[in-house]
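Let me begin by presenting the structure, written as structure tokens, before commenting on it.
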Amino acid sequence: MSNNLTGTAFIVAEFRSEENAETTPLYTDNVVQIWLNEETRKIASEIAQNSPAAKEMIKLRTKYFDDILSNQILAGCKQIVILGSGLDTRAARINGSGVIYFEIDDRATLELKESTLKAHKITANVRYIPGDYVQNNLIALLKQSDFDFEQPTYFLWEGNTTLLAKQDVIFVLETIRDHVKDFKLSFDYMSEKVIARTTGYQDINDYIDKYESMYTPWITGFENIETLADELSLKIIDNFSTAQLHEQYRPHRSLASNLLKFYFVCTLELISE
């Protein structure tokens, strides 16, 4: 897992927190502000000027993932795994009786997270697992934290796949499929056309060129999630472009960018035998 993911955690948190100021916010995150300050606001503001689509993409996916997670907990799911969790606040915001979170990320991020939550007396039933879920054996990492492989589990994999090699994304999906008895898994992904600059929209190509010159290159996209799911013996529950989410969540606002037509969220599950 790339260290670049850690560097973006504060920016993502800033963009997420902005929704709190909306008249009718898509979601409410009263925890996220504990990590934010003038410096993070300044950096986020500069990035937003260069890439206004990024903000809306993050807010839309946050709403979608919050809803899916809440529904899983309501349906009785007690184990939640967040891969590359960064400054995700769901363990503190969305919980239920007996629900336990497992968060995997680098040690520095998790230690900062744990100490700041503690300092603000914010409780969360979470087991922090320092490590690289690609390089350090995801199953071994979960085993050392007493994860129950027989229990229904919801995996959330947010803001990671575009920055990982395609074979690593597939490897993670295969690993979960082969070791967890009953699971659902949500993640976001970019269309391969964006990576290849073949969307037909020059504004998208310009955006990606500028973004990658300043930040982290996007290296992986998927053109047909149905094919991927079939090859992995997984079933698609949801697959939406963020443009579709925008139409659903913000029907009275115009689309921030054509890029939202090529940036997706999906939820997969194991095909029952």
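Numbering starts fresh at 1 for the residues of each chain in the structure tokens, the chains themselves are lettered A, B, ... in the order given, and ligands are numbered from 1 as they appear.
Residues in contact with Gln49 (chain A) at up to 12 Å, not including ones fewer than 5 positions away on its chain and judged by only C-alpha atoms, are Lys42, Ile43, Ala44, Ala54, Lys55, Tyr207, Lys210 and Tyr211 of chain A.
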The selected residues should be written to file as a PDB file, in the first residue's frame (atoms: N, CA and C atoms).
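Dumped everything to again.pdb:
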ATOM      1  N   LYS A  42      -5.884  25.314   4.674  1.00  0.00           N
ATOM      2  CA  LYS A  42      -5.188  26.049   3.622  1.00  0.00           C
ATOM      3  C   LYS A  42      -4.801  25.114   2.470  1.00  0.00           C
ATOM      4  N   ILE A  43      -4.218  23.979   2.813  1.00  0.00           N
ATOM      5  CA  ILE A  43      -3.789  23.018   1.783  1.00  0.00           C
ATOM      6  C   ILE A  43      -4.999  22.497   1.013  1.00  0.00           C
ATOM      7  N   ALA A  44      -6.065  22.160   1.755  1.00  0.00           N
ATOM      8  CA  ALA A  44      -7.276  21.637   1.109  1.00  0.00           C
ATOM      9  C   ALA A  44      -7.883  22.670   0.170  1.00  0.00           C
ATOM     10  N   ALA A  54     -12.730  16.802  -7.014  1.00  0.00           N
ATOM     11  CA  ALA A  54     -12.285  15.899  -5.946  1.00  0.00           C
ATOM     12  C   ALA A  54     -13.173  16.006  -4.711  1.00  0.00           C
ATOM     13  N   LYS A  55     -13.522  17.235  -4.359  1.00  0.00           N
ATOM     14  CA  LYS A  55     -14.366  17.453  -3.172  1.00  0.00           C
ATOM     15  C   LYS A  55     -15.698  16.727  -3.291  1.00  0.00           C
ATOM     16  N   TYR A 207      -7.455  17.761 -16.413  1.00  0.00           N
ATOM     17  CA  TYR A 207      -7.587  17.623 -14.948  1.00  0.00           C
ATOM     18  C   TYR A 207      -6.605  16.574 -14.426  1.00  0.00           C
ATOM     19  N   LYS A 210      -2.929  17.629 -14.652  1.00  0.00           N
ATOM     20  CA  LYS A 210      -2.596  18.611 -13.617  1.00  0.00           C
ATOM     21  C   LYS A 210      -2.529  17.950 -12.241  1.00  0.00           C
ATOM     22  N   TYR A 211      -3.515  17.098 -11.959  1.00  0.00           N
ATOM     23  CA  TYR A 211      -3.571  16.415 -10.663  1.00  0.00           C
ATOM     24  C   TYR A 211      -2.315  15.562 -10.454  1.00  0.00           C
TER      25      TYR A 211
END
Next item on the list: Using backbone DSSP assignments, extract all helix (DSSP H, G or I) residues from region 108-150 of chain A; output them as a list in words.
Entry: Ala108, Thr109, Leu110, Glu111, Leu112, Lys113, Glu114, Ser115, Thr116, Leu117, Lys118, Ala119, Leu138, Ile139, Ala140, Leu141, Leu142 and Lys143 of chain A
Note to self: When DSSP is applied to the backbone of this structure, which of region 52-214 of chain A are assigned strand (DSSP E)? Write them out as a PyMOL selection string.
What the structure shows: chain A and resi 79-83+100-105+126-130+153-157+183-190
Would you mind exporting the chosen residues as a short mmCIF file (atom, residue, chain, number, x, y, z; two decimals), in the first residue's frame, restricted to C-alpha atoms?
data_model
loop_
_atom_site.label_atom_id
_atom_site.label_comp_id
_atom_site.auth_asym_id
_atom_site.auth_seq_id
_atom_site.Cartn_x
_atom_site.Cartn_y
_atom_site.Cartn_z
CA GLN A 79 -17.61 -7.10 12.11
CA ILE A 80 -16.47 -4.14 10.02
CA VAL A 81 -13.04 -4.04 8.36
CA ILE A 82 -11.71 -0.77 6.92
CA LEU A 83 -8.73 -1.18 4.62
CA ILE A 100 -16.45 -4.11 16.30
CA TYR A 101 -14.27 -2.33 13.74
CA PHE A 102 -10.89 -3.50 12.47
CA GLU A 103 -8.86 -0.69 10.88
CA ILE A 104 -5.70 -1.37 8.89
CA ASP A 105 -3.25 1.40 7.98
CA VAL A 126 -12.08 -0.51 17.17
CA ARG A 127 -8.98 -2.66 16.90
CA TYR A 128 -6.17 -0.81 15.15
CA ILE A 129 -3.96 -3.04 13.01
CA PRO A 130 -0.73 -1.39 11.83
CA THR A 153 -18.31 -9.16 7.77
CA TYR A 154 -18.52 -5.88 5.91
CA PHE A 155 -15.32 -4.63 4.26
CA LEU A 156 -14.95 -0.97 3.33
CA TRP A 157 -12.14 -0.09 0.93
CA PHE A 183 -18.90 -10.93 3.47
CA LYS A 184 -19.92 -7.86 1.56
CA LEU A 185 -17.33 -5.41 0.31
CA SER A 186 -17.65 -1.84 -0.97
CA PHE A 187 -15.02 0.14 -2.83
CA ASP A 188 -14.63 3.04 -5.22
CA TYR A 189 -12.87 2.85 -8.55
CA MET A 190 -12.06 4.89 -11.63
#
Next item on the list: Identify which of the residues A:Thr242, A:Thr161, A:Thr175, A:Thr198 lies closest to Trp218 (chain A), counting only C-alpha atoms when measuring atom-to-atom distances.
Entry: A:Thr161
Checklist line | Nearby residues (only C-alpha atoms) at most 9 Å from Asp88 (chain A), same-chain spacing under 5 positions excluded, as a PyMOL selection string | finding: chain A and resi 9+13+32+82
Check: What separation in Å, quoted to one decimal, exists between CA of Gly96 (chain A) and CA of Pro25 (chain A)?
Finding: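 Separation between CA of Gly96 (chain A) and CA of Pro25 (chain A): 22.5 Å.
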Margin query: So that I can see what lies close to Ile225 (chain A), please list as a PyMOL selection string the residues with an atom at most 10 Å from it, counting only C-alpha atoms and leaving out residues fewer than 4 positions away in the same chain.
Written below: chain A and resi 189+191+221+229-231+236+239+264+266+268
Item checked: Of the listed residues A:Ala92, A:Leu245, A:Ala108, A:Val180, that which approaches Lys143 (chain A) most closely, counting only C-alpha atoms ->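 Selected residue with least distance to Lys143 (chain A): A:Val180.
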Give me the residues within 10 Å of Ile204 (chain A) as a CSV table (one decimal) with all heavy atoms, in the first residue's frame, counting only C-alpha atoms and dropping any in the same chain fewer than 3 places off.
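Just written: part02.csv:
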chain,number,residue,atom,x,y,z
A,194,VAL,N,-10.3,6.8,-17.9
A,194,VAL,CA,-9.7,8.0,-17.3
A,194,VAL,C,-8.2,7.9,-17.3
A,194,VAL,O,-7.4,8.8,-17.6
A,194,VAL,CB,-10.2,8.3,-15.9
A,194,VAL,CG1,-9.5,9.4,-15.2
A,194,VAL,CG2,-11.7,8.6,-16.0
A,197,ARG,N,-6.7,8.1,-20.7
A,197,ARG,CA,-7.1,9.4,-21.4
A,197,ARG,C,-7.9,9.2,-22.6
A,197,ARG,O,-7.7,9.8,-23.6
A,197,ARG,CB,-5.8,10.2,-21.8
A,197,ARG,CG,-4.7,10.3,-20.7
A,197,ARG,CD,-5.1,11.1,-19.5
A,197,ARG,NE,-4.0,11.6,-18.7
A,197,ARG,CZ,-3.4,10.9,-17.7
A,197,ARG,NH1,-3.8,9.7,-17.4
A,197,ARG,NH2,-2.4,11.5,-17.0
A,198,THR,N,-8.9,8.3,-22.5
A,198,THR,CA,-9.7,8.0,-23.7
A,198,THR,C,-11.2,8.2,-23.4
A,198,THR,O,-12.1,7.6,-24.0
A,198,THR,CB,-9.5,6.5,-24.1
A,198,THR,OG1,-9.8,5.6,-23.0
A,198,THR,CG2,-8.1,6.2,-24.6
A,199,THR,N,-11.5,9.1,-22.4
A,199,THR,CA,-12.9,9.4,-22.1
A,199,THR,C,-13.6,10.2,-23.2
A,199,THR,O,-14.8,10.3,-23.3
A,199,THR,CB,-13.1,10.2,-20.8
A,199,THR,OG1,-12.4,11.5,-21.0
A,199,THR,CG2,-12.5,9.5,-19.6
A,200,GLY,N,-12.8,10.9,-24.0
A,200,GLY,CA,-13.4,11.8,-25.0
A,200,GLY,C,-13.6,13.2,-24.5
A,200,GLY,O,-14.0,14.1,-25.3
A,201,TYR,N,-13.3,13.4,-23.2
A,201,TYR,CA,-13.4,14.8,-22.6
A,201,TYR,C,-12.0,15.4,-22.4
A,201,TYR,O,-11.3,14.9,-21.6
A,201,TYR,CB,-14.1,14.7,-21.3
A,201,TYR,CG,-15.6,14.4,-21.4
A,201,TYR,CD1,-16.1,13.1,-21.2
A,201,TYR,CD2,-16.6,15.3,-21.7
A,201,TYR,CE1,-17.4,12.7,-21.2
A,201,TYR,CE2,-17.9,15.0,-21.7
A,201,TYR,CZ,-18.3,13.7,-21.5
A,201,TYR,OH,-19.7,13.4,-21.6
A,207,TYR,N,-7.5,17.8,-16.4
A,207,TYR,CA,-7.6,17.6,-14.9
A,207,TYR,C,-6.6,16.6,-14.4
A,207,TYR,O,-5.9,16.8,-13.5
A,207,TYR,CB,-9.0,17.2,-14.6
A,207,TYR,CG,-9.3,16.9,-13.2
A,207,TYR,CD1,-9.7,17.9,-12.3
A,207,TYR,CD2,-9.1,15.6,-12.7
A,207,TYR,CE1,-9.9,17.6,-10.9
A,207,TYR,CE2,-9.3,15.3,-11.4
A,207,TYR,CZ,-9.7,16.3,-10.5
A,207,TYR,OH,-9.9,16.0,-9.2
A,208,ILE,N,-6.6,15.4,-15.1
A,208,ILE,CA,-5.7,14.3,-14.6
A,208,ILE,C,-4.3,14.7,-14.8
A,208,ILE,O,-3.5,14.4,-13.8
A,208,ILE,CB,-6.0,13.0,-15.4
A,208,ILE,CG1,-7.5,12.6,-15.3
A,208,ILE,CG2,-5.1,11.9,-14.9
A,208,ILE,CD1,-8.0,12.4,-13.9
A,209,ASP,N,-3.9,15.3,-15.9
A,209,ASP,CA,-2.5,15.7,-16.1
A,209,ASP,C,-2.1,16.7,-15.0
A,209,ASP,O,-1.0,16.5,-14.4
A,209,ASP,CB,-2.4,16.4,-17.4
A,209,ASP,CG,-2.5,15.4,-18.6
A,209,ASP,OD1,-2.4,14.2,-18.4
A,209,ASP,OD2,-2.7,15.9,-19.7
A,210,LYS,N,-2.9,17.6,-14.7
A,210,LYS,CA,-2.6,18.6,-13.6
A,210,LYS,C,-2.5,18.0,-12.2
A,210,LYS,O,-1.6,18.2,-11.5
A,210,LYS,CB,-3.6,19.7,-13.6
A,210,LYS,CG,-3.3,20.9,-12.7
A,210,LYS,CD,-4.2,22.1,-13.0
A,210,LYS,CE,-3.7,23.3,-12.2
A,210,LYS,NZ,-4.6,24.4,-12.4
A,257,SER,N,-18.4,18.1,-12.5
A,257,SER,CA,-17.4,17.8,-13.5
A,257,SER,C,-17.8,16.5,-14.3
A,257,SER,O,-18.5,15.7,-13.7
A,257,SER,CB,-16.0,17.5,-12.9
A,257,SER,OG,-15.1,16.8,-13.7
A,258,ASN,N,-17.4,16.4,-15.5
A,258,ASN,CA,-17.7,15.2,-16.3
A,258,ASN,C,-17.0,14.0,-15.7
A,258,ASN,O,-17.4,12.9,-16.0
A,258,ASN,CB,-17.2,15.4,-17.8
A,258,ASN,CG,-18.1,16.3,-18.6
A,258,ASN,OD1,-19.3,16.2,-18.5
A,258,ASN,ND2,-17.5,17.2,-19.3
A,259,LEU,N,-15.9,14.2,-14.9
A,259,LEU,CA,-15.2,13.1,-14.3
A,259,LEU,C,-16.1,12.2,-13.4
A,259,LEU,O,-15.9,11.0,-13.3
A,259,LEU,CB,-14.1,13.7,-13.4
A,259,LEU,CG,-13.1,12.7,-12.8
A,259,LEU,CD1,-12.4,11.9,-13.9
A,259,LEU,CD2,-12.1,13.4,-11.9
A,260,LEU,N,-17.2,12.8,-12.9
A,260,LEU,CA,-18.1,12.0,-12.0
A,260,LEU,C,-18.8,10.9,-12.8
A,260,LEU,O,-19.3,9.9,-12.2
A,260,LEU,CB,-19.1,12.9,-11.3
A,260,LEU,CG,-18.7,13.6,-10.0
A,260,LEU,CD1,-17.6,14.6,-10.2
A,260,LEU,CD2,-19.8,14.2,-9.3
A,262,PHE,N,-17.3,8.9,-14.7
A,262,PHE,CA,-16.3,7.9,-14.8
A,262,PHE,C,-15.7,7.4,-13.5
A,262,PHE,O,-14.7,6.7,-13.5
A,262,PHE,CB,-15.1,8.4,-15.7
A,262,PHE,CG,-15.6,8.7,-17.1
A,262,PHE,CD1,-16.0,10.0,-17.4
A,262,PHE,CD2,-15.7,7.8,-18.1
A,262,PHE,CE1,-16.4,10.4,-18.7
A,262,PHE,CE2,-16.1,8.1,-19.4
A,262,PHE,CZ,-16.5,9.4,-19.7
Next item on the list: Mind giving me the straight-line distance from CA of Glu56 (chain A) to CA of Arg16 (chain A) in Å, one decimal?
Entry: 9.1 Å
Next item on the list: Excluding Lys121 (chain A) and residues on its chain fewer than 6 positions from it, collect all residues at most 12 Å away from it, counting only C-alpha atoms, and give them as a list of chain:residue names.
Entry: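 What passes the distance filter is A:Val31, A:Ile34, A:Ala92, A:Glu114, A:Ser115.
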Please write the residues from the selection above to a file, keeping all heavy atoms, as a compact mmCIF listing (two decimals), in the first residue's frame.
# COMPACT_ATOMS: atom_id res chain seq x y z
N VAL A 31 -17.01 14.27 14.17
CA VAL A 31 -15.74 13.81 14.73
C VAL A 31 -14.55 14.35 13.95
O VAL A 31 -13.52 14.71 14.52
CB VAL A 31 -15.69 12.26 14.75
CG1 VAL A 31 -14.36 11.75 15.31
CG2 VAL A 31 -16.86 11.69 15.55
N ILE A 34 -11.55 17.10 14.70
CA ILE A 34 -10.48 17.00 15.71
C ILE A 34 -9.08 16.92 15.08
O ILE A 34 -8.09 17.18 15.76
CB ILE A 34 -10.70 15.83 16.70
CG1 ILE A 34 -10.60 14.48 15.98
CG2 ILE A 34 -12.02 15.96 17.44
CD1 ILE A 34 -10.67 13.27 16.91
N ALA A 92 -16.53 5.69 15.24
CA ALA A 92 -17.08 6.56 16.28
C ALA A 92 -18.48 7.05 15.94
O ALA A 92 -19.27 7.36 16.83
CB ALA A 92 -16.16 7.77 16.49
N GLU A 114 -5.69 7.15 17.20
CA GLU A 114 -6.07 6.64 18.52
C GLU A 114 -5.85 7.67 19.62
O GLU A 114 -6.71 7.91 20.47
CB GLU A 114 -5.28 5.36 18.82
CG GLU A 114 -5.72 4.68 20.10
CD GLU A 114 -5.02 3.35 20.31
OE1 GLU A 114 -3.99 3.08 19.67
OE2 GLU A 114 -5.53 2.55 21.13
N SER A 115 -4.69 8.34 19.57
CA SER A 115 -4.36 9.30 20.64
C SER A 115 -5.27 10.53 20.59
O SER A 115 -5.68 11.06 21.63
CB SER A 115 -2.90 9.72 20.55
OG SER A 115 -2.64 10.38 19.33
Margin query: Counting only C-alpha atoms, which residue out of A:Thr24, A:Ser17, A:Thr8, A:Asn71 sits closest to Arg250 (chain A)?
Written below: A:Thr24
Name the residues in contact with Tyr133 (chain A) at a cut-off of 9 Å, using only C-alpha atoms, excluding same-chain residues fewer than 3 positions from it; report them as a tab-separated table (two decimals) with C-alpha atoms, in the first residue's frame.
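Listed below is the output, part35.tsv:
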chain	number	residue	atom	x	y	z
A	1	MET	CA	0.00	0.00	0.00
A	83	LEU	CA	-8.73	-1.18	4.62
A	84	GLY	CA	-6.43	1.84	4.48
A	104	ILE	CA	-5.70	-1.37	8.89
A	105	ASP	CA	-3.25	1.40	7.98
A	136	ASN	CA	2.00	-7.92	5.11
A	137	ASN	CA	-0.60	-10.65	4.51
A	138	LEU	CA	-4.09	-9.32	5.19
A	139	ILE	CA	-5.24	-12.62	6.72
A	141	LEU	CA	-3.00	-9.13	10.17
A	172	VAL	CA	-6.86	-8.33	-2.08
Check: With only C-alpha atoms as the basis for distance, which of A:Val99, A:Val134, A:Ile68, A:Leu270 is at the shortest distance from His179 (chain A)?
Finding: A:Leu270
